[in-house]
Amino acid sequence: MSNIERTLSIIKPDAVQRNLQDQIKQEFKNKGFEIIEEKKIHISKEEAEKFYKVHETKPFYNDLCKYLSSGPIIVLSLQRENAVMENRKLMGATNPIDAKEGTLRKKYGISIDKNSVHGSDSIDNAKIELDFFFNR
Ligand code: CMP
């Protein structure tokens with residue numbers, strides 16, 4: 001049974017700064033993701049605070065929002081079968097130290113903050129996050 005989904009990926013400032021976006025986009029394509037939409041943007045701290053609102057009570061919230069707004073990012077709408085879960089597998093663990101060999105965060109991540117990519121963590125959040133960047 002086919003289960004085509006869309007999910008949001010963000011190529012974060014640390015990866016864009018190192019010009020890794022084409023390499024990371026190729027990794028998505030190699031894993032069968034179709035890039036439906038993409039754009040390069042530079043968001044404000046206030047927009048980052050809205051995007052990461054689920055984390056507002058966390059001790060790292062302020063630094064996280066400062067970081068996401070610190071430079072250009074690439075936002076992508078990715079489509080494939082089981083896109084949400086498959087993207088999470090491809091990204092690997094949040095902290096690059098814990099990420100498995102071959103995952104994006106293992107290959108490109110620098111630290112838990114500068115972990116190169118974000119991906120939606122559920123189908124519901126994927127809809128909300130795609131709306132946030134592409135339907136505003
Ligand atoms: P991301 O998938 O974008 O979602 C929230 C981000 O917060 C996460 O990736 C990390 O880059 C960042 N972060 C910083 N500190 C922590 C932490 N202690 N636990 C989880 N995420 C953290």
# chains A, B, ... in the order shown; residues from 1 in each chain; ligands from 1
$ residues_around --residues "region 32-37 of chain A" --least-positions-apart "6" --cutoff "6 Å" --atoms "only C-alpha atoms" --output "list in words"
Leu76, Ser77, Leu78, Gln79 and Arg80 of chain A
$ write_last_selection --atoms "N, CA and C atoms" --output "CSV table (one decimal), in the first residue's frame"
chain,number,residue,atom,x,y,z
A,76,LEU,N,12.6,23.0,2.7
A,76,LEU,CA,12.3,22.1,1.6
A,76,LEU,C,11.0,21.3,2.0
A,77,SER,N,10.2,21.2,1.0
A,77,SER,CA,9.0,20.3,1.1
A,77,SER,C,9.4,19.0,0.4
A,78,LEU,N,9.5,17.9,1.2
A,78,LEU,CA,10.0,16.6,0.7
A,78,LEU,C,8.9,15.6,0.6
A,79,GLN,N,8.8,14.9,-0.5
A,79,GLN,CA,7.8,13.9,-0.7
A,79,GLN,C,8.3,12.5,-1.0
A,80,ARG,N,7.8,11.5,-0.4
A,80,ARG,CA,8.1,10.1,-0.7
A,80,ARG,C,7.2,9.2,0.2
$ residues_around --residues "Asp98 (chain A)" --least-positions-apart "2" --cutoff "12 Å" --atoms "only C-alpha atoms" --output "ChimeraX atom specification"
/A:91-96,100-101,103-107,109-112,115
$ write_last_selection --atoms "N, CA, C and O atoms" --output "tab-separated table (two decimals), in the first residue's frame"
chain	number	residue	atom	x	y	z
A	91	MET	N	18.23	11.62	8.77
A	91	MET	CA	18.89	12.66	9.57
A	91	MET	C	19.74	12.06	10.68
A	91	MET	O	20.81	12.56	10.99
A	92	GLY	N	19.23	11.04	11.34
A	92	GLY	CA	19.92	10.47	12.49
A	92	GLY	C	19.60	11.20	13.78
A	92	GLY	O	18.81	12.15	13.79
A	93	ALA	N	20.23	10.78	14.88
A	93	ALA	CA	19.94	11.34	16.21
A	93	ALA	C	20.23	12.85	16.26
A	93	ALA	O	21.09	13.36	15.54
A	94	THR	N	19.49	13.54	17.14
A	94	THR	CA	19.61	14.99	17.28
A	94	THR	C	21.05	15.43	17.51
A	94	THR	O	21.52	16.40	16.90
A	95	ASN	N	21.73	14.71	18.40
A	95	ASN	CA	23.12	15.04	18.68
A	95	ASN	C	24.03	14.24	17.73
A	95	ASN	O	24.02	13.00	17.76
A	96	PRO	N	24.80	14.92	16.90
A	96	PRO	CA	25.66	14.22	15.92
A	96	PRO	C	26.55	13.14	16.56
A	96	PRO	O	26.85	12.14	15.93
A	100	LYS	N	23.98	7.65	13.86
A	100	LYS	CA	24.61	6.47	13.23
A	100	LYS	C	25.39	6.87	11.98
A	100	LYS	O	25.05	7.85	11.30
A	101	GLU	N	26.37	6.04	11.66
A	101	GLU	CA	27.18	6.19	10.45
A	101	GLU	C	26.27	6.32	9.23
A	101	GLU	O	25.28	5.61	9.12
A	103	THR	N	24.29	8.77	8.43
A	103	THR	CA	23.19	9.73	8.57
A	103	THR	C	23.72	11.16	8.33
A	103	THR	O	24.92	11.42	8.43
A	104	LEU	N	22.78	12.04	8.02
A	104	LEU	CA	23.18	13.42	7.68
A	104	LEU	C	23.84	14.12	8.86
A	104	LEU	O	24.82	14.84	8.70
A	105	ARG	N	23.27	13.91	10.06
A	105	ARG	CA	23.85	14.61	11.21
A	105	ARG	C	25.22	14.06	11.59
A	105	ARG	O	26.07	14.80	12.07
A	106	LYS	N	25.42	12.76	11.36
A	106	LYS	CA	26.74	12.17	11.59
A	106	LYS	C	27.75	12.75	10.59
A	106	LYS	O	28.86	13.14	10.94
A	107	LYS	N	27.32	12.84	9.32
A	107	LYS	CA	28.24	13.29	8.27
A	107	LYS	C	28.55	14.77	8.36
A	107	LYS	O	29.66	15.20	8.13
A	109	GLY	N	26.88	17.23	10.81
A	109	GLY	CA	26.62	17.96	12.05
A	109	GLY	C	27.90	18.29	12.80
A	109	GLY	O	28.87	17.53	12.77
A	110	ILE	N	27.86	19.41	13.51
A	110	ILE	CA	29.02	19.88	14.26
A	110	ILE	C	28.78	19.72	15.76
A	110	ILE	O	29.69	19.42	16.52
A	111	SER	N	27.54	19.95	16.18
A	111	SER	CA	27.17	19.91	17.61
A	111	SER	C	25.66	19.72	17.68
A	111	SER	O	24.97	19.75	16.66
A	112	ILE	N	25.15	19.59	18.91
A	112	ILE	CA	23.69	19.42	19.05
A	112	ILE	C	22.93	20.64	18.51
A	112	ILE	O	21.82	20.50	18.00
A	115	ASN	N	23.40	21.09	14.11
A	115	ASN	CA	23.25	19.70	13.65
A	115	ASN	C	22.75	19.62	12.20
A	115	ASN	O	22.22	18.61	11.76
$ residues_near_ligand --ligand "ligand 1" --cutoff "10 Å" --atoms "only C-alpha atoms and all ligand atoms" --output "ChimeraX atom specification"
/A:9-12,51-52,54-55,58-65,67-68,88,91-96,109,111-121
$ residues_around --residues "Gln21 (chain A)" --least-positions-apart "5" --cutoff "8 Å" --atoms "only C-alpha atoms" --output "list of chain:residue names"
A:Ile11, A:Ala15, A:Val16, A:Ile74
$ closest_atom_pairs --of "region 103-131 of chain A" --to "region 1-7 of chain A" --cutoff "12 Å" --atoms "only C-alpha atoms" --output "Markdown table"
| residue | atom | partner | partner_atom | distance |
| --- | --- | --- | --- | --- |
| A:His118 | CA | A:Thr7 | CA | 10.4 |
| A:Gly119 | CA | A:Thr7 | CA | 7.2 |
| A:Ser120 | CA | A:Thr7 | CA | 6.1 |
| A:Asp121 | CA | A:Thr7 | CA | 8.8 |
| A:Ser122 | CA | A:Thr7 | CA | 8.5 |
| A:Ile123 | CA | A:Thr7 | CA | 7.4 |
| A:Asp124 | CA | A:Thr7 | CA | 9.7 |
| A:Asn125 | CA | A:Thr7 | CA | 8.6 |
| A:Ala126 | CA | A:Thr7 | CA | 4.9 |
| A:Lys127 | CA | A:Thr7 | CA | 7.4 |
| A:Ile128 | CA | A:Thr7 | CA | 9.8 |
| A:Glu129 | CA | A:Thr7 | CA | 8.2 |
| A:Leu130 | CA | A:Thr7 | CA | 7.0 |
| A:Asp131 | CA | A:Thr7 | CA | 10.6 |
$ closest_residue --among "A:Asn135, A:Ser70, A:Asn87, A:Gln26" --to "Ile41 (chain A)" --atoms "only C-alpha atoms"
A:Ser70
$ select_by_dssp --residues "chain A" --states "strand (DSSP E)" --output "PyMOL selection string"
chain A and resi 4-11+34-41+73-81+117-119
$ decode --residues "region 60-112 of chain A" --atoms "C-alpha atoms" --output "tab-separated table (two decimals), in the first residue's frame"
chain	number	residue	atom	x	y	z
A	60	PHE	CA	18.01	25.86	25.07
A	61	TYR	CA	15.06	27.74	23.49
A	62	ASN	CA	16.65	31.19	23.34
A	63	ASP	CA	19.95	29.98	21.85
A	64	LEU	CA	18.07	27.74	19.42
A	65	CYS	CA	16.01	30.64	18.08
A	66	LYS	CA	19.03	32.94	17.91
A	67	TYR	CA	20.86	30.25	15.99
A	68	LEU	CA	18.12	29.47	13.44
A	69	SER	CA	17.87	33.18	12.65
A	70	SER	CA	21.65	33.72	12.51
A	71	GLY	CA	22.01	33.15	8.77
A	72	PRO	CA	20.29	31.87	5.63
A	73	ILE	CA	18.51	28.52	5.71
A	74	ILE	CA	16.97	26.35	3.00
A	75	VAL	CA	13.45	25.07	3.64
A	76	LEU	CA	12.29	22.08	1.64
A	77	SER	CA	9.03	20.26	1.13
A	78	LEU	CA	10.03	16.61	0.67
A	79	GLN	CA	7.78	13.87	-0.66
A	80	ARG	CA	8.08	10.08	-0.70
A	81	GLU	CA	6.52	7.02	0.89
A	82	ASN	CA	6.60	7.41	4.72
A	83	ALA	CA	8.45	10.70	4.26
A	84	VAL	CA	8.31	11.78	7.93
A	85	MET	CA	9.87	8.60	9.31
A	86	GLU	CA	12.28	8.09	6.40
A	87	ASN	CA	13.59	11.64	6.77
A	88	ARG	CA	14.12	11.12	10.49
A	89	LYS	CA	16.07	7.94	9.73
A	90	LEU	CA	18.19	9.76	7.16
A	91	MET	CA	18.89	12.66	9.57
A	92	GLY	CA	19.92	10.47	12.49
A	93	ALA	CA	19.94	11.34	16.21
A	94	THR	CA	19.61	14.99	17.28
A	95	ASN	CA	23.12	15.04	18.68
A	96	PRO	CA	25.66	14.22	15.92
A	97	ILE	CA	27.74	12.33	18.54
A	98	ASP	CA	24.88	9.82	18.85
A	99	ALA	CA	23.97	9.68	15.16
A	100	LYS	CA	24.61	6.47	13.23
A	101	GLU	CA	27.18	6.19	10.45
A	102	GLY	CA	25.81	7.37	7.11
A	103	THR	CA	23.19	9.73	8.57
A	104	LEU	CA	23.18	13.42	7.68
A	105	ARG	CA	23.85	14.61	11.21
A	106	LYS	CA	26.74	12.17	11.59
A	107	LYS	CA	28.24	13.29	8.27
A	108	TYR	CA	27.66	17.02	8.49
A	109	GLY	CA	26.62	17.96	12.05
A	110	ILE	CA	29.02	19.88	14.26
A	111	SER	CA	27.17	19.91	17.61
A	112	ILE	CA	23.69	19.42	19.05
